[in-house]
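Below you'll find the structure, written out as structure tokens, and then a few comments.
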Amino acid sequence: MDVVRIFDTTLRDGEQSPGFSMNTAEKIRMAHQLATLGVDVIEAGFPISSRGDLEAVRKVAQEVRTVPIAALARARKDDVNAAIEALEPAAAPRLHIFLATSDLHLRVKLHMTREQALEAIGAMIRLGRNSVAEVEFSAEDAGRTDIDFLCQVCRLAVEAGATVLNLPDTVGYAVPEEYGEMFRKVRASLGDVEGITLSAHCHDDLGMAVANSLAAVRAGVRQIECTINGIGERAGNAALEEIAVALAVRKESFGVTTNIRLEHLFPSSRMLTEITGALVAPNKAVVGANAFAHEAGIHQDGIIKNPLTYEIISPETVGVPSRLMVLGKHSGRNALRMSLRDLGYEPSDAELGEVYQRVNALADKSKNVRPRDLVAIAHEVLRRRPAVVAAEASSTA
Ligand code: KIV
Ligand code: ZN
């Protein structure tokens, strides 16, 4: 079965959106978790954006040796050189160069003609290839690019040495049939070239990022760019956990696999919320606190008789602790610590004490404390500690 590679951009497209920024220690901690999760590429940052980001990419590249590390660059010399510098310590570097190709972006944003765009794309890919063996090219706003021009861009990028062609729906405008069709046309226009991977990168402005990414897979795409919890510009990127689980649950239909270790999805999601302080919506697919909660009596009855009645994914499959206890007034600290661990938190004694007090106060008011309440309390308490301490606590766990 073909493997669809998962290119994680939590630390770049995810991190660059408001409320999700991470310092170097946090990026390293998250990158290790992504490696455990089994992603195929980690995009660690956009080195030209600041010296700090360049250093962060370097550190991630130094520390995470088992997964290729990517760095983003516009099709400009300074950007490409900064990304090359950042990737220098990487065991398997990937240089990711992009330029917008839609007429709108070319005219209004870049003040470039199509010919100038082609020139810049070819020259920067060739420059990158002098130092880095693997170069990915992204045609920003591909979803709104004239298809004949897009095909021309792709042929030129391949001739210049790019081995991965990423065609983003930058503004989340595409619908699945259209997005898939774009890839079919590009693939046909490339002919029989060997060793070229087509890649999808979707934003969620119309809530179709995951659907569009899956349509791309049906059209032959073998790399998907996505983020944990779907964080990213504006409405976010395609959510990694949703894509990985959809491809696993509907494996027969898609006929592909991924290298994602599904049982690390929930802990990865929780680590990101702990680092960024941004919780996922309770009803978020796969990793939301309610994703496996059954409230209605009829549903509960069905689940007891056979979970398949109302659950197409078991919580254990994606790493939701199976023994999330119902905490109440009489739960002890050990039970609480275990429940917190199950949710992916590793509190210090002082933090445990504070969570304990709050849980008791809540249990006084309402009989039971649900996992969702516990997540909210733990999140409030644990987000206050410095990230480095958090990283140490988790690495000694
Ligand atoms: O959305 C987008 O077009 C991007 C590219 C830079 C890959 O993030
Ligand atoms: Zn993007």
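By convention in this document, the chains of the structure tokens carry letters A, B, ... by their order, each chain's residues are numbered from 1, and ligands are numbered from 1 in the order they are shown.
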
Can you work out which residues are within 8 Å of ligand 1, considering only C-alpha atoms and all ligand atoms, and then hand them over as a list in words?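 Written in the requested form, the residues are Asp13, Leu72, Arg74, Ile97, Phe98, Leu99, Ala100, Ser138, Ala139, Glu140, Asp141, Ala142, Asn166, Leu167, Pro168, Asp169, Thr170, Val171, His201, Cys202, His203 and Glu233 of chain A.
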
If you keep N, CA and C atoms, can you produce a file of those selected residues as a PDB file, in the first residue's frame?
ATOM      1  N   ASP A  13       3.698  27.115  10.135  1.00  0.00           N
ATOM      2  CA  ASP A  13       2.407  27.739   9.797  1.00  0.00           C
ATOM      3  C   ASP A  13       1.545  27.859  11.061  1.00  0.00           C
ATOM      4  N   LEU A  72      11.493  27.174   5.896  1.00  0.00           N
ATOM      5  CA  LEU A  72      10.793  27.898   4.831  1.00  0.00           C
ATOM      6  C   LEU A  72      11.584  29.119   4.362  1.00  0.00           C
ATOM      7  N   ARG A  74      11.168  32.449   1.258  1.00  0.00           N
ATOM      8  CA  ARG A  74      10.594  33.001   0.021  1.00  0.00           C
ATOM      9  C   ARG A  74      11.626  32.820  -1.086  1.00  0.00           C
ATOM     10  N   ILE A  97      11.033  26.306  -0.488  1.00  0.00           N
ATOM     11  CA  ILE A  97      10.990  27.634  -1.126  1.00  0.00           C
ATOM     12  C   ILE A  97       9.583  27.881  -1.660  1.00  0.00           C
ATOM     13  N   PHE A  98       9.075  29.103  -1.464  1.00  0.00           N
ATOM     14  CA  PHE A  98       7.740  29.375  -2.021  1.00  0.00           C
ATOM     15  C   PHE A  98       7.686  30.719  -2.724  1.00  0.00           C
ATOM     16  N   LEU A  99       6.778  30.777  -3.694  1.00  0.00           N
ATOM     17  CA  LEU A  99       6.454  32.052  -4.346  1.00  0.00           C
ATOM     18  C   LEU A  99       4.994  31.970  -4.791  1.00  0.00           C
ATOM     19  N   ALA A 100       4.281  33.076  -4.599  1.00  0.00           N
ATOM     20  CA  ALA A 100       2.879  33.082  -5.021  1.00  0.00           C
ATOM     21  C   ALA A 100       2.801  33.055  -6.549  1.00  0.00           C
ATOM     22  N   SER A 138       6.773  25.455  -3.198  1.00  0.00           N
ATOM     23  CA  SER A 138       5.339  25.702  -2.999  1.00  0.00           C
ATOM     24  C   SER A 138       4.893  26.862  -3.871  1.00  0.00           C
ATOM     25  N   ALA A 139       3.843  26.632  -4.638  1.00  0.00           N
ATOM     26  CA  ALA A 139       3.226  27.698  -5.429  1.00  0.00           C
ATOM     27  C   ALA A 139       2.114  28.298  -4.575  1.00  0.00           C
ATOM     28  N   GLU A 140       2.469  29.341  -3.827  1.00  0.00           N
ATOM     29  CA  GLU A 140       1.478  29.923  -2.907  1.00  0.00           C
ATOM     30  C   GLU A 140       0.236  30.360  -3.691  1.00  0.00           C
ATOM     31  N   ASP A 141      -0.916  30.156  -3.103  1.00  0.00           N
ATOM     32  CA  ASP A 141      -2.202  30.478  -3.734  1.00  0.00           C
ATOM     33  C   ASP A 141      -2.426  29.683  -5.023  1.00  0.00           C
ATOM     34  N   ALA A 142      -1.863  28.459  -5.016  1.00  0.00           N
ATOM     35  CA  ALA A 142      -2.041  27.596  -6.202  1.00  0.00           C
ATOM     36  C   ALA A 142      -3.515  27.395  -6.524  1.00  0.00           C
ATOM     37  N   ASN A 166       4.480  21.406  -3.817  1.00  0.00           N
ATOM     38  CA  ASN A 166       3.362  21.629  -2.902  1.00  0.00           C
ATOM     39  C   ASN A 166       2.438  22.688  -3.505  1.00  0.00           C
ATOM     40  N   LEU A 167       1.148  22.356  -3.589  1.00  0.00           N
ATOM     41  CA  LEU A 167       0.212  23.280  -4.231  1.00  0.00           C
ATOM     42  C   LEU A 167      -0.849  23.706  -3.214  1.00  0.00           C
ATOM     43  N   PRO A 168      -0.570  24.771  -2.462  1.00  0.00           N
ATOM     44  CA  PRO A 168      -1.454  25.133  -1.357  1.00  0.00           C
ATOM     45  C   PRO A 168      -2.752  25.794  -1.805  1.00  0.00           C
ATOM     46  N   ASP A 169      -3.781  25.491  -1.011  1.00  0.00           N
ATOM     47  CA  ASP A 169      -5.006  26.286  -1.064  1.00  0.00           C
ATOM     48  C   ASP A 169      -4.846  27.315   0.068  1.00  0.00           C
ATOM     49  N   THR A 170      -4.052  28.325  -0.230  1.00  0.00           N
ATOM     50  CA  THR A 170      -3.577  29.265   0.781  1.00  0.00           C
ATOM     51  C   THR A 170      -4.705  29.974   1.526  1.00  0.00           C
ATOM     52  N   VAL A 171      -5.788  30.261   0.825  1.00  0.00           N
ATOM     53  CA  VAL A 171      -6.866  31.042   1.448  1.00  0.00           C
ATOM     54  C   VAL A 171      -8.093  30.187   1.767  1.00  0.00           C
ATOM     55  N   HIS A 201      -1.590  21.318   0.806  1.00  0.00           N
ATOM     56  CA  HIS A 201      -1.454  22.207   1.977  1.00  0.00           C
ATOM     57  C   HIS A 201      -2.726  23.049   2.004  1.00  0.00           C
ATOM     58  N   CYS A 202      -3.596  22.771   2.951  1.00  0.00           N
ATOM     59  CA  CYS A 202      -4.924  23.409   2.908  1.00  0.00           C
ATOM     60  C   CYS A 202      -5.225  24.211   4.158  1.00  0.00           C
ATOM     61  N   HIS A 203      -5.870  25.338   3.931  1.00  0.00           N
ATOM     62  CA  HIS A 203      -6.344  26.167   5.056  1.00  0.00           C
ATOM     63  C   HIS A 203      -7.855  26.003   5.201  1.00  0.00           C
ATOM     64  N   GLU A 233      -2.606  29.863  10.269  1.00  0.00           N
ATOM     65  CA  GLU A 233      -3.122  31.169   9.828  1.00  0.00           C
ATOM     66  C   GLU A 233      -4.661  31.211   9.817  1.00  0.00           C
TER      67      GLU A 233
END

Could you find all residues in stretch 62-193 of chain A that DSSP calls strand (DSSP E or B) from the backbone, and write them as a list of chain:residue names?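 The strand (DSSP E or B) residues within stretch 62-193 of chain A come out as A:Ile69, A:Ala70, A:Ala71, A:Leu72, A:Ala73, A:Arg74, A:Pro93, A:Arg94, A:Leu95, A:His96, A:Ile97, A:Phe98, A:Leu99, A:Ala100, A:Glu134, A:Val135, A:Glu136, A:Phe137, A:Ser138, A:Ala139, A:Glu140, A:Val164, A:Leu165, A:Asn166, A:Leu167, A:Pro168, A:Asp169.
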
Could you check the closest approach to ligand 2 for each of A:Asp148, A:Asp78, A:Asp103, A:Asp204 and tell me which residue wins, using only C-alpha atoms and all ligand atoms? A:Asp204

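The shell of residues at most 8 Å from A:Thr276, with only C-alpha atoms counted and near chain neighbours (fewer than 2 positions) removed, consists of Gly19, Phe20, Ser21, Met22, Leu272, Thr273, Glu274 and Ala278 of chain A.
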
Figure out the distance between atom CA of A:Ala91 and atom CA of A:Gln62, please, to one decimal in Å.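 Going from atom CA of A:Gln62 over to atom CA of A:Ala91, I get 7.9 Å.
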
Contact residues around A:Glu119 with only C-alpha atoms at 12 Å, ignoring same-chain residues under 3 positions, as a PyMOL selection string: chain A and resi 75-76+99+112-116+122-126+152-153+156-157+160

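For the choices A:Val64, A:Ile84, A:Leu110, A:Ile231, the atom-to-atom distance to ligand 2 is smallest for A:Ile231 when using only C-alpha atoms and all ligand atoms.
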
List as a CSV table (one decimal) with N, CA, C and O atoms, in the first residue's frame the protein and nucleic acid residues near A:Pro68, meaning an atom at most 6 Å away when only C-alpha atoms are counted, but skip any in the same chain fewer than 2 places from it.
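Saved result, around18.csv, follows:
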chain,number,residue,atom,x,y,z
A,41,VAL,N,8.1,14.7,8.1
A,41,VAL,CA,8.9,15.9,8.0
A,41,VAL,C,8.4,16.9,9.1
A,41,VAL,O,7.2,16.9,9.3
A,92,ALA,N,18.8,15.4,8.0
A,92,ALA,CA,18.2,15.3,6.7
A,92,ALA,C,17.4,16.6,6.5
A,92,ALA,O,16.3,16.7,6.8
A,93,PRO,N,18.1,17.6,5.9
A,93,PRO,CA,17.5,18.9,5.7
A,93,PRO,C,16.6,18.9,4.5
A,93,PRO,O,16.8,18.2,3.5

A:Val39 surroundings by only C-alpha atoms, 7 Å radius, close-in-sequence under 2 positions cut, as a PyMOL selection string: chain A and resi 6-8+34-35+37+41+259-260

Residue among A:Glu225, A:Glu177, A:Asp79, A:Glu136 lying closest to A:Ala200, counting only C-alpha atoms: A:Glu225

Enumerate the residues of stretch 7-74 of chain A with a DSSP assignment of alpha helix (DSSP H), computed from the backbone, and present them as a VMD selection string. chain A and resid 24 to 37 51 to 63

Mind giving me the straight-line distance from atom CA of A:Val256 to atom CA of A:Thr66 in Å, one decimal?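 Atom-to-atom, atom CA of A:Val256 and atom CA of A:Thr66 are spaced 22.9 Å apart.
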
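Each of A:Arg5, A:Arg51, A:Lys109, A:Arg234 was compared to ligand 2 using only C-alpha atoms and all ligand atoms, and A:Arg234 turns out to be the nearest.
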
Find the residue from A:Thr145, A:Asn360, A:Thr10, A:Thr24 that sits nearest to ligand 2; use only C-alpha atoms and all ligand atoms when measuring.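 Using only C-alpha atoms and all ligand atoms, the shortest distance to ligand 2 belongs to A:Thr10.
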
For A:Ser314: contacts at 10 Å, only C-alpha atoms, fewer than 6 positions along chain excluded, given as number ranges by chain: A: 286, 292, 307-308, 320, 322

Output file for the residues above (all heavy atoms, as a PDB file, in the first residue's frame):
ATOM      1  N   VAL A 286     -11.674  13.953  17.022  1.00  0.00           N
ATOM      2  CA  VAL A 286     -10.541  13.126  17.437  1.00  0.00           C
ATOM      3  C   VAL A 286      -9.921  13.517  18.792  1.00  0.00           C
ATOM      4  O   VAL A 286      -9.652  12.654  19.612  1.00  0.00           O
ATOM      5  CB  VAL A 286      -9.417  13.068  16.368  1.00  0.00           C
ATOM      6  CG1 VAL A 286      -8.268  12.181  16.823  1.00  0.00           C
ATOM      7  CG2 VAL A 286      -9.976  12.580  15.033  1.00  0.00           C
ATOM      8  N   PHE A 292     -15.290  11.559  22.716  1.00  0.00           N
ATOM      9  CA  PHE A 292     -15.679  10.187  23.048  1.00  0.00           C
ATOM     10  C   PHE A 292     -16.656  10.146  24.216  1.00  0.00           C
ATOM     11  O   PHE A 292     -16.832   9.122  24.859  1.00  0.00           O
ATOM     12  CB  PHE A 292     -14.431   9.354  23.366  1.00  0.00           C
ATOM     13  CG  PHE A 292     -13.471   9.339  22.224  1.00  0.00           C
ATOM     14  CD1 PHE A 292     -12.385  10.201  22.195  1.00  0.00           C
ATOM     15  CD2 PHE A 292     -13.679   8.509  21.134  1.00  0.00           C
ATOM     16  CE1 PHE A 292     -11.509  10.217  21.125  1.00  0.00           C
ATOM     17  CE2 PHE A 292     -12.811   8.520  20.056  1.00  0.00           C
ATOM     18  CZ  PHE A 292     -11.734   9.374  20.041  1.00  0.00           C
ATOM     19  N   PRO A 307     -19.672  -0.866  21.590  1.00  0.00           N
ATOM     20  CA  PRO A 307     -19.165   0.478  21.265  1.00  0.00           C
ATOM     21  C   PRO A 307     -19.329   0.852  19.790  1.00  0.00           C
ATOM     22  O   PRO A 307     -19.448   2.026  19.447  1.00  0.00           O
ATOM     23  CB  PRO A 307     -17.686   0.396  21.641  1.00  0.00           C
ATOM     24  CG  PRO A 307     -17.586  -0.710  22.626  1.00  0.00           C
ATOM     25  CD  PRO A 307     -18.685  -1.685  22.304  1.00  0.00           C
ATOM     26  N   LEU A 308     -19.348  -0.172  18.921  1.00  0.00           N
ATOM     27  CA  LEU A 308     -19.444   0.143  17.483  1.00  0.00           C
ATOM     28  C   LEU A 308     -20.749   0.866  17.127  1.00  0.00           C
ATOM     29  O   LEU A 308     -20.855   1.488  16.074  1.00  0.00           O
ATOM     30  CB  LEU A 308     -19.351  -1.143  16.653  1.00  0.00           C
ATOM     31  CG  LEU A 308     -17.976  -1.810  16.622  1.00  0.00           C
ATOM     32  CD1 LEU A 308     -18.038  -3.107  15.839  1.00  0.00           C
ATOM     33  CD2 LEU A 308     -16.942  -0.868  16.003  1.00  0.00           C
ATOM     34  N   VAL A 320      -6.433   8.322  23.937  1.00  0.00           N
ATOM     35  CA  VAL A 320      -7.220   8.873  25.042  1.00  0.00           C
ATOM     36  C   VAL A 320      -7.209   7.811  26.129  1.00  0.00           C
ATOM     37  O   VAL A 320      -7.522   6.655  25.860  1.00  0.00           O
ATOM     38  CB  VAL A 320      -8.683   9.157  24.632  1.00  0.00           C
ATOM     39  CG1 VAL A 320      -9.487   9.665  25.829  1.00  0.00           C
ATOM     40  CG2 VAL A 320      -8.727  10.158  23.501  1.00  0.00           C
ATOM     41  N   SER A 322      -7.938   5.145  28.655  1.00  0.00           N
ATOM     42  CA  SER A 322      -9.173   4.368  28.740  1.00  0.00           C
ATOM     43  C   SER A 322      -9.773   4.462  30.131  1.00  0.00           C
ATOM     44  O   SER A 322     -10.952   4.250  30.328  1.00  0.00           O
ATOM     45  CB  SER A 322      -8.885   2.920  28.415  1.00  0.00           C
ATOM     46  OG  SER A 322      -7.843   2.479  29.243  1.00  0.00           O
TER      47      SER A 322
END
